[in-house]
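Engineer: Attaching a single structure in structure tokens format; questions to follow.
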Amino acid sequence: MKLFIKTYGCQMNVYDSARMADVLASVGFGPAVSPDDADLVVLNTCHIREKAAEKVYSELGRLKILRDERIAAGGKDMLIAVAGCVAQAEGQELQKRAPAVDIVVGPQAYHRLSGMVSRLLKNRDQREADTDFPPESKFDSLPEESKPQGPAAFLTIQEGCDKFCTFCVVPYTRGAEFSRPVQEVIAEAKKLVLQGTREITLLGQNVNAYHGESPSGSIWDLSGLIRELATIDGLNRIRFTTSHPRDMNDDLIKAFSDVPALMPYLHLPVQSGSDGILKRMNRGHNRDSYFTIVEKLRSARPDLALSSDFIVGFPGETNADFDATMDLVKNVGFAQAYSFKYSPRPGTPAASQAEQVPEKLKSERLSRLQDVLNEQQYSFNNAMSGCFTDVLFDRKGRKPGQIVGRSPWLQATHVEVPEAEADNLIGQIHRVHVNRGAPNGLIATLASDEEVA
Ligand code: 5AD
Ligand code: SF4
């Protein structure tokens, strides 16, 4: 039987989709190339903004038509499952709004997916929904990863969030903060390295709030975990995302100066540069405390580059508040950033605030902010022209002989090599000479042996 998974949203969903494929492989599902030939389609969904959630309903409409037409033409049936954060937030309501959905499964319950599918295959008139936060951890019940992730892999170490920013659905959809035990993380990392992984990005909604139980029963924070991971032979690069400014403790900052495998790049969302807005967002940090962290990070690791998330048009955001955000951006200087118009999310405190900002104003602010952020990204990339840097190649590019990888600062780096050499270079960290920066990355040539030495 064939399975097609479509993933929306964050890296954690990408990780979860791979693990769902593992769960379903254990009951006989292999990959389908498209929904057309799938017996089961899983939409792994995102609820963070309205647009992301709405996409799911239009996709469900298309899938229903596809299934009806296929059956009418004498073809096979298709089970439709909705997983992820829309599933968690809407539960059985989702099946009322979209009756074509056979299965609803939340992000903490997908280890039970094979049972749900088996029951449905026996009784096609049933519906299945599981949005529990079960007492057992899904990680204890998941099968081994069946497919190597490749040279650059993701590893979920922490999930959920207890911070309750007033705009955000994550504490409701992903639940309370939970850290996987140290041993479990180390074992998974070692397995990845044996499969050829050289770079691991540790994932968590609040990854730097990590507090995992160590073998001795003591609790380790993220810096302790990173130091241990750095001792794994063959693991050359470590990253982590997403961090919260409140949990950026001194030990973790110090790790940037004394763990060479920890890459000099940090995603540290600030959301706004206005103290008033940060307070109403319940962020638990202000503009100055963000600046202080950035200073400390840069003195620990002078070549550290930062990326961030921004929300414009949070309820009550004035021109002066927005100017404070623009000012923060100019002060810090970001290598990359994501920016969004505030999207009211059902059930979150900010959604019911009176002073919602008009869409038009949000769009204007967003485009002004993005102009500056794009400019900063381009000049960060351009500043590397003529420099040498190391790239971990992880895939082939579109053109023959083109290979693509990441610099230490996560810049997508395109290099052209003789076609016969391309395969050998994938999975290798190789020095390159940067010819020029591009808006979204670097164009480089492979360094010669003398240049590498
Ligand atoms: N509206 C707009 N952006 C949001 N984000 C989270 N919730 C919302 C919302 N309601 C953004 C934040 C967060 C990123 C993952 O998504 O910037 O850091
Ligand atoms: Fe959402 Fe805030 Fe938690 Fe991040 S820290 S997941 S923005 S509630």
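Identifiers for the structure tokens are assigned positionally: chains receive A, B, ... in sequence, residues are indexed from 1 per chain, and ligands are indexed from 1 in the order shown.
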Would you kindly return, as an mmCIF file with N, CA, C and O atoms, in the first residue's frame, each protein, DNA or RNA residue with an atom no farther than 7 Å from any atom of stretch 55-72 of chain A, considering only C-alpha atoms and excluding same-chain residues fewer than 5 positions away?

Structural biologist:
data_model
loop_
_atom_site.group_PDB
_atom_site.id
_atom_site.type_symbol
_atom_site.label_atom_id
_atom_site.label_comp_id
_atom_site.auth_asym_id
_atom_site.auth_seq_id
_atom_site.Cartn_x
_atom_site.Cartn_y
_atom_site.Cartn_z
ATOM 1 N N THR A 45 -0.142 19.299 9.220
ATOM 2 C CA THR A 45 -0.585 20.695 9.079
ATOM 3 C C THR A 45 0.011 21.668 10.095
ATOM 4 O O THR A 45 0.540 21.269 11.126
ATOM 5 N N ASP A 77 -9.755 3.117 -3.500
ATOM 6 C CA ASP A 77 -10.158 4.057 -2.448
ATOM 7 C C ASP A 77 -8.925 4.801 -1.920
ATOM 8 O O ASP A 77 -7.781 4.411 -2.191
ATOM 9 N N MET A 78 -9.162 5.866 -1.155
ATOM 10 C CA MET A 78 -8.053 6.605 -0.535
ATOM 11 C C MET A 78 -8.470 7.036 0.871
ATOM 12 O O MET A 78 -9.558 7.591 1.055
ATOM 13 N N ALA A 100 -14.821 14.533 4.466
ATOM 14 C CA ALA A 100 -13.997 13.571 3.725
ATOM 15 C C ALA A 100 -12.829 13.058 4.557
ATOM 16 O O ALA A 100 -12.182 12.071 4.196
#

Engineer: Neighbouring residues of ligand 2 are defined here as those with any atom at most 7 Å from a ligand atom, counting only C-alpha atoms and all ligand atoms; list them as a PyMOL selection string.

Structural biologist: chain A and resi 161-165+168-171+205-206+244+283

Engineer: Any chance you could export the current selection's all heavy atoms as a tab-separated table (two decimals), in the first residue's frame?

Structural biologist:
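This is the output file selection.tsv:
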chain	number	residue	atom	x	y	z
A	161	CYS	N	5.55	24.24	24.71
A	161	CYS	CA	5.94	25.55	25.18
A	161	CYS	C	5.05	25.97	26.35
A	161	CYS	O	3.84	25.76	26.30
A	161	CYS	CB	5.80	26.53	24.03
A	161	CYS	SG	6.20	28.20	24.52
A	162	ASP	N	5.69	26.51	27.38
A	162	ASP	CA	4.94	26.99	28.54
A	162	ASP	C	4.93	28.51	28.61
A	162	ASP	O	4.61	29.10	29.63
A	162	ASP	CB	5.59	26.50	29.85
A	162	ASP	CG	5.52	24.99	29.97
A	162	ASP	OD1	4.64	24.39	29.34
A	162	ASP	OD2	6.36	24.42	30.70
A	163	LYS	N	5.32	29.18	27.54
A	163	LYS	CA	5.54	30.63	27.65
A	163	LYS	C	4.30	31.47	27.35
A	163	LYS	O	4.20	32.59	27.79
A	163	LYS	CB	6.69	31.05	26.74
A	163	LYS	CG	8.00	30.39	27.18
A	163	LYS	CD	9.18	31.24	26.92
A	163	LYS	CE	10.40	30.76	27.67
A	163	LYS	NZ	10.74	29.35	27.49
A	164	PHE	N	3.42	30.94	26.58
A	164	PHE	CA	2.15	31.62	26.32
A	164	PHE	C	2.30	33.06	25.85
A	164	PHE	O	1.74	33.98	26.45
A	164	PHE	CB	1.21	31.53	27.54
A	164	PHE	CG	0.72	30.14	27.81
A	164	PHE	CD1	1.42	29.27	28.65
A	164	PHE	CD2	-0.42	29.67	27.16
A	164	PHE	CE1	0.99	27.96	28.86
A	164	PHE	CE2	-0.86	28.36	27.36
A	164	PHE	CZ	-0.16	27.52	28.21
A	165	CYS	N	3.07	33.27	24.79
A	165	CYS	CA	3.04	34.57	24.13
A	165	CYS	C	1.59	34.78	23.69
A	165	CYS	O	0.94	33.82	23.23
A	165	CYS	CB	3.96	34.57	22.92
A	165	CYS	SG	5.68	34.29	23.38
A	168	CYS	N	0.22	33.40	20.21
A	168	CYS	CA	0.70	32.12	19.68
A	168	CYS	C	-0.14	30.91	20.08
A	168	CYS	O	-0.54	30.77	21.24
A	168	CYS	CB	2.14	31.92	20.16
A	168	CYS	SG	2.92	30.48	19.43
A	169	VAL	N	-0.37	30.01	19.12
A	169	VAL	CA	-1.17	28.81	19.38
A	169	VAL	C	-0.34	27.63	19.88
A	169	VAL	O	-0.90	26.63	20.35
A	169	VAL	CB	-1.92	28.33	18.11
A	169	VAL	CG1	-3.07	29.24	17.78
A	169	VAL	CG2	-0.98	28.16	16.93
A	170	VAL	N	0.98	27.75	19.79
A	170	VAL	CA	1.82	26.57	20.06
A	170	VAL	C	1.58	25.94	21.45
A	170	VAL	O	1.47	24.71	21.56
A	170	VAL	CB	3.32	26.90	19.84
A	170	VAL	CG1	4.23	25.84	20.42
A	170	VAL	CG2	3.59	27.06	18.35
A	171	PRO	N	1.47	26.75	22.52
A	171	PRO	CA	1.25	26.10	23.82
A	171	PRO	C	-0.03	25.26	23.85
A	171	PRO	O	-0.13	24.32	24.63
A	171	PRO	CB	1.13	27.29	24.79
A	171	PRO	CG	1.90	28.38	24.12
A	171	PRO	CD	1.64	28.21	22.66
A	205	GLN	N	10.39	23.61	19.96
A	205	GLN	CA	9.70	24.91	19.89
A	205	GLN	C	10.37	25.93	20.79
A	205	GLN	O	10.32	27.11	20.56
A	205	GLN	CB	8.24	24.77	20.32
A	205	GLN	CG	7.30	24.54	19.17
A	205	GLN	CD	6.95	23.08	19.03
A	205	GLN	OE1	7.07	22.31	19.97
A	205	GLN	NE2	6.52	22.70	17.85
A	206	ASN	N	10.99	25.41	21.85
A	206	ASN	CA	11.72	26.23	22.81
A	206	ASN	C	13.00	25.48	23.12
A	206	ASN	O	13.24	25.11	24.25
A	206	ASN	CB	10.91	26.36	24.09
A	206	ASN	CG	10.30	27.72	24.22
A	206	ASN	OD1	10.92	28.61	24.77
A	206	ASN	ND2	9.12	27.87	23.68
A	244	HIS	N	14.51	30.93	22.54
A	244	HIS	CA	13.82	32.09	23.12
A	244	HIS	C	14.84	32.94	23.86
A	244	HIS	O	15.67	32.39	24.59
A	244	HIS	CB	12.72	31.61	24.08
A	244	HIS	CG	11.76	32.69	24.45
A	244	HIS	ND1	12.12	33.75	25.25
A	244	HIS	CD2	10.47	32.89	24.12
A	244	HIS	CE1	11.08	34.56	25.39
A	244	HIS	NE2	10.07	34.06	24.71
A	283	ARG	N	6.24	38.49	26.20
A	283	ARG	CA	7.47	37.83	25.76
A	283	ARG	C	8.45	37.58	26.91
A	283	ARG	O	9.35	36.76	26.79
A	283	ARG	CB	8.16	38.70	24.69
A	283	ARG	CG	7.44	38.67	23.36
A	283	ARG	CD	7.61	37.35	22.66
A	283	ARG	NE	8.99	37.11	22.24
A	283	ARG	CZ	9.41	35.96	21.73
A	283	ARG	NH1	8.60	34.93	21.62
A	283	ARG	NH2	10.66	35.83	21.35

Engineer: Kindly compile the residues surrounding ligand 1 within 6 Å, counting only C-alpha atoms and all ligand atoms, and format them as a list of chain:residue names.

Structural biologist: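 Going residue by residue within 6 Å of ligand 1, we get A:Ile48, A:Arg49, A:Phe167, A:Cys168, A:Pro269, A:Gln271, A:Asp309, A:Phe310, A:Ile311, A:Phe340, A:Lys341, A:Tyr342, A:Ser343, A:Pro344, A:Arg345.
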
Engineer: Identify which of the residues A:His267, A:Arg112, A:Arg198, A:Arg280 lies closest to A:Arg19, counting only C-alpha atoms when measuring atom-to-atom distances.

Structural biologist: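 That would be A:Arg112, the residue with the smallest distance to A:Arg19.
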
Engineer: Pull the closest atom pair for each residue of stretch 310-395 of chain A that gets at most 7 Å from stretch 429-452 of chain A, along with the distance in Å to one decimal, counting only C-alpha atoms, ordering rows by chain and then ascending residue number, as a Markdown table.

Structural biologist:
| residue | atom | partner | partner_atom | distance |
| --- | --- | --- | --- | --- |
| A:Gln377 | CA | A:Pro439 | CA | 6.7 |
| A:Tyr378 | CA | A:Pro439 | CA | 4.7 |
| A:Asn381 | CA | A:Gly437 | CA | 4.6 |
| A:Asn382 | CA | A:Gly437 | CA | 4.1 |
| A:Met384 | CA | A:Val434 | CA | 6.5 |
| A:Ser385 | CA | A:Arg436 | CA | 4.6 |
| A:Gly386 | CA | A:Val434 | CA | 5.3 |
| A:Cys387 | CA | A:Val434 | CA | 5.5 |
| A:Phe388 | CA | A:His433 | CA | 4.6 |
| A:Thr389 | CA | A:Arg431 | CA | 5.5 |
| A:Asp390 | CA | A:Arg431 | CA | 4.3 |
| A:Val391 | CA | A:Ile429 | CA | 5.3 |
| A:Leu392 | CA | A:Ile429 | CA | 4.2 |
| A:Phe393 | CA | A:Ile429 | CA | 6.4 |

Engineer: Keeping N, CA and C atoms, export the residues of the selection given above as a PDB file, in the first residue's frame.

Structural biologist:
ATOM      1  N   GLN A 377      20.226  40.907   4.427  1.00  0.00           N
ATOM      2  CA  GLN A 377      20.606  39.540   4.041  1.00  0.00           C
ATOM      3  C   GLN A 377      21.547  39.568   2.837  1.00  0.00           C
ATOM      4  N   TYR A 378      21.195  40.399   1.858  1.00  0.00           N
ATOM      5  CA  TYR A 378      22.007  40.476   0.640  1.00  0.00           C
ATOM      6  C   TYR A 378      23.403  41.008   0.979  1.00  0.00           C
ATOM      7  N   ASN A 381      25.477  38.360   2.645  1.00  0.00           N
ATOM      8  CA  ASN A 381      25.989  37.391   1.675  1.00  0.00           C
ATOM      9  C   ASN A 381      27.106  37.997   0.825  1.00  0.00           C
ATOM     10  N   ASN A 382      26.890  39.244   0.395  1.00  0.00           N
ATOM     11  CA  ASN A 382      27.888  39.910  -0.452  1.00  0.00           C
ATOM     12  C   ASN A 382      29.215  40.113   0.249  1.00  0.00           C
ATOM     13  N   MET A 384      30.754  38.236   1.880  1.00  0.00           N
ATOM     14  CA  MET A 384      31.619  37.045   1.839  1.00  0.00           C
ATOM     15  C   MET A 384      32.330  36.874   0.500  1.00  0.00           C
ATOM     16  N   SER A 385      32.040  37.754  -0.462  1.00  0.00           N
ATOM     17  CA  SER A 385      32.712  37.661  -1.770  1.00  0.00           C
ATOM     18  C   SER A 385      34.210  37.651  -1.572  1.00  0.00           C
ATOM     19  N   GLY A 386      34.872  36.727  -2.260  1.00  0.00           N
ATOM     20  CA  GLY A 386      36.329  36.670  -2.180  1.00  0.00           C
ATOM     21  C   GLY A 386      36.851  35.875  -0.984  1.00  0.00           C
ATOM     22  N   CYS A 387      35.950  35.467  -0.072  1.00  0.00           N
ATOM     23  CA  CYS A 387      36.411  34.726   1.121  1.00  0.00           C
ATOM     24  C   CYS A 387      36.396  33.214   0.862  1.00  0.00           C
ATOM     25  N   PHE A 388      37.133  32.514   1.698  1.00  0.00           N
ATOM     26  CA  PHE A 388      37.045  31.050   1.714  1.00  0.00           C
ATOM     27  C   PHE A 388      36.148  30.636   2.865  1.00  0.00           C
ATOM     28  N   THR A 389      35.355  29.596   2.633  1.00  0.00           N
ATOM     29  CA  THR A 389      34.575  29.050   3.748  1.00  0.00           C
ATOM     30  C   THR A 389      34.324  27.565   3.506  1.00  0.00           C
ATOM     31  N   ASP A 390      33.825  26.884   4.534  1.00  0.00           N
ATOM     32  CA  ASP A 390      33.596  25.437   4.406  1.00  0.00           C
ATOM     33  C   ASP A 390      32.110  25.159   4.192  1.00  0.00           C
ATOM     34  N   VAL A 391      31.849  24.291   3.241  1.00  0.00           N
ATOM     35  CA  VAL A 391      30.454  23.982   2.910  1.00  0.00           C
ATOM     36  C   VAL A 391      30.210  22.485   3.066  1.00  0.00           C
ATOM     37  N   LEU A 392      29.110  22.138   3.710  1.00  0.00           N
ATOM     38  CA  LEU A 392      28.682  20.736   3.747  1.00  0.00           C
ATOM     39  C   LEU A 392      27.698  20.544   2.591  1.00  0.00           C
ATOM     40  N   PHE A 393      28.132  19.785   1.593  1.00  0.00           N
ATOM     41  CA  PHE A 393      27.273  19.571   0.426  1.00  0.00           C
ATOM     42  C   PHE A 393      26.249  18.488   0.744  1.00  0.00           C
TER      43      PHE A 393
END

Engineer: Please identify all polymer residues within 9 Å of A:Asn249, counting only C-alpha atoms, omitting same-chain residues fewer than 4 positions from it, and present them as a VMD selection string.

Structural biologist: chain A and resid 208 223 245 253 to 254 293

Engineer: In Å, how far is it from atom CA of A:Cys46 to atom CA of A:Gly106?

Structural biologist: 11.2 Å

Engineer: Looking only at strand (DSSP E) from DSSP on the backbone, list the matching residues of stretch 119-325 of chain A as a VMD selection string.

Structural biologist: chain A and resid 128 to 130 152 to 156 158 to 159 178 to 179 199 to 203 211 to 213 219 to 221 237 to 241 265 to 267 305 to 312

Engineer: Taking the DSSP assignment computed from this structure's backbone, write out as a PyMOL selection string all residues of stretch 207-252 of chain A that belong to helix (DSSP H, G or I).

Structural biologist: chain A and resi 207-209+222-229+245-247+250-252

Engineer: What's around A:Leu361 at 12 Å? Count only C-alpha atoms, leave out sequence neighbours fewer than 2 positions away in its own chain, and write the answer as a VMD selection string.

Structural biologist: chain A and resid 312 to 319 322 341 to 342 356 to 359 363 to 368

Engineer: Determine the nearest neighbour of A:Lys2 from the options A:Glu295, A:Asp22, A:Gly28, A:Gln95, counting only C-alpha atoms.

Structural biologist: A:Gly28

Engineer: Looking at A:Leu268, A:Leu373, A:Val185, A:Ile426, which one is nearest to A:Asp394, with distances taken over only C-alpha atoms?

Structural biologist: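 Result for the nearest residue to A:Asp394: A:Ile426.
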
Engineer: Report the distance between atom CA of A:Ser34 and atom CA of A:Ala87 in Å, rounded to one decimal place.

Structural biologist: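 Separation of atom CA of A:Ser34 and atom CA of A:Ala87: 21.9 Å.
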
Engineer: Within 10 Å of A:Arg301, counting only C-alpha atoms, which residues show up once you throw out same-chain ones fewer than 5 positions away? Write them as a PyMOL selection string, please.

Structural biologist: chain A and resi 253-258+263-265+295-296

Engineer: Might you pull out every residue within 12 Å of A:Ala153, with only C-alpha atoms counted and same-chain residues fewer than 2 positions away left off, and present them as a ChimeraX atom specification?

Structural biologist: /A:11-12,14-15,18,145,147-151,155-156,188-193,195-203,235-240,392,394,427

Engineer: For the residues in that selection, give me C-alpha atoms as an mmCIF file, in the first residue's frame.

Structural biologist:
data_model
loop_
_atom_site.group_PDB
_atom_site.id
_atom_site.type_symbol
_atom_site.label_atom_id
_atom_site.label_comp_id
_atom_site.auth_asym_id
_atom_site.auth_seq_id
_atom_site.Cartn_x
_atom_site.Cartn_y
_atom_site.Cartn_z
ATOM 1 C CA GLN A 11 10.999 21.822 10.655
ATOM 2 C CA MET A 12 9.403 19.934 13.488
ATOM 3 C CA VAL A 14 9.211 17.782 8.616
ATOM 4 C CA TYR A 15 10.717 15.577 11.340
ATOM 5 C CA ALA A 18 9.415 11.288 8.481
ATOM 6 C CA GLU A 145 14.122 5.560 11.527
ATOM 7 C CA LYS A 147 15.504 5.979 5.916
ATOM 8 C CA PRO A 148 18.810 7.812 6.483
ATOM 9 C CA GLN A 149 18.205 11.552 6.645
ATOM 10 C CA GLY A 150 21.403 12.399 4.779
ATOM 11 C CA PRO A 151 24.401 14.628 5.552
ATOM 12 C CA LEU A 155 16.662 15.673 15.667
ATOM 13 C CA THR A 156 13.752 16.687 17.889
ATOM 14 C CA GLU A 188 19.670 8.895 18.063
ATOM 15 C CA ALA A 189 22.514 11.245 17.166
ATOM 16 C CA LYS A 190 25.023 8.363 17.046
ATOM 17 C CA LYS A 191 22.701 6.390 14.805
ATOM 18 C CA LEU A 192 22.389 9.346 12.438
ATOM 19 C CA VAL A 193 26.167 9.735 12.276
ATOM 20 C CA GLN A 195 24.134 6.602 8.562
ATOM 21 C CA GLY A 196 26.329 9.378 7.158
ATOM 22 C CA THR A 197 25.010 12.479 8.915
ATOM 23 C CA ARG A 198 27.653 15.127 9.609
ATOM 24 C CA GLU A 199 25.472 17.984 10.767
ATOM 25 C CA ILE A 200 22.613 17.792 13.259
ATOM 26 C CA THR A 201 20.095 20.535 13.935
ATOM 27 C CA LEU A 202 18.497 20.026 17.332
ATOM 28 C CA LEU A 203 14.828 20.924 17.155
ATOM 29 C CA LEU A 235 29.630 14.762 13.953
ATOM 30 C CA ASN A 236 31.160 17.944 12.581
ATOM 31 C CA ARG A 237 28.397 20.454 12.940
ATOM 32 C CA ILE A 238 25.726 21.190 15.526
ATOM 33 C CA ARG A 239 22.911 23.729 15.319
ATOM 34 C CA PHE A 240 19.741 24.268 17.319
ATOM 35 C CA LEU A 392 28.682 20.736 3.747
ATOM 36 C CA ASP A 394 23.968 17.802 0.827
ATOM 37 C CA GLY A 427 28.087 14.373 2.143
#

Engineer: Using only C-alpha atoms, which residues sit within 12 Å of A:Leu142 once same-chain residues fewer than 6 positions away are excluded, as a list in words?

Structural biologist: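 Surrounding residues, per the criterion: Asp16, Ala18, Arg19, Met20, Ala21, Asp22, Val23, Leu24, Ala25, Ser26, Gln108, Ala109, Tyr110, His111, Arg112, Leu113, Ser114 and Glu136 of chain A.
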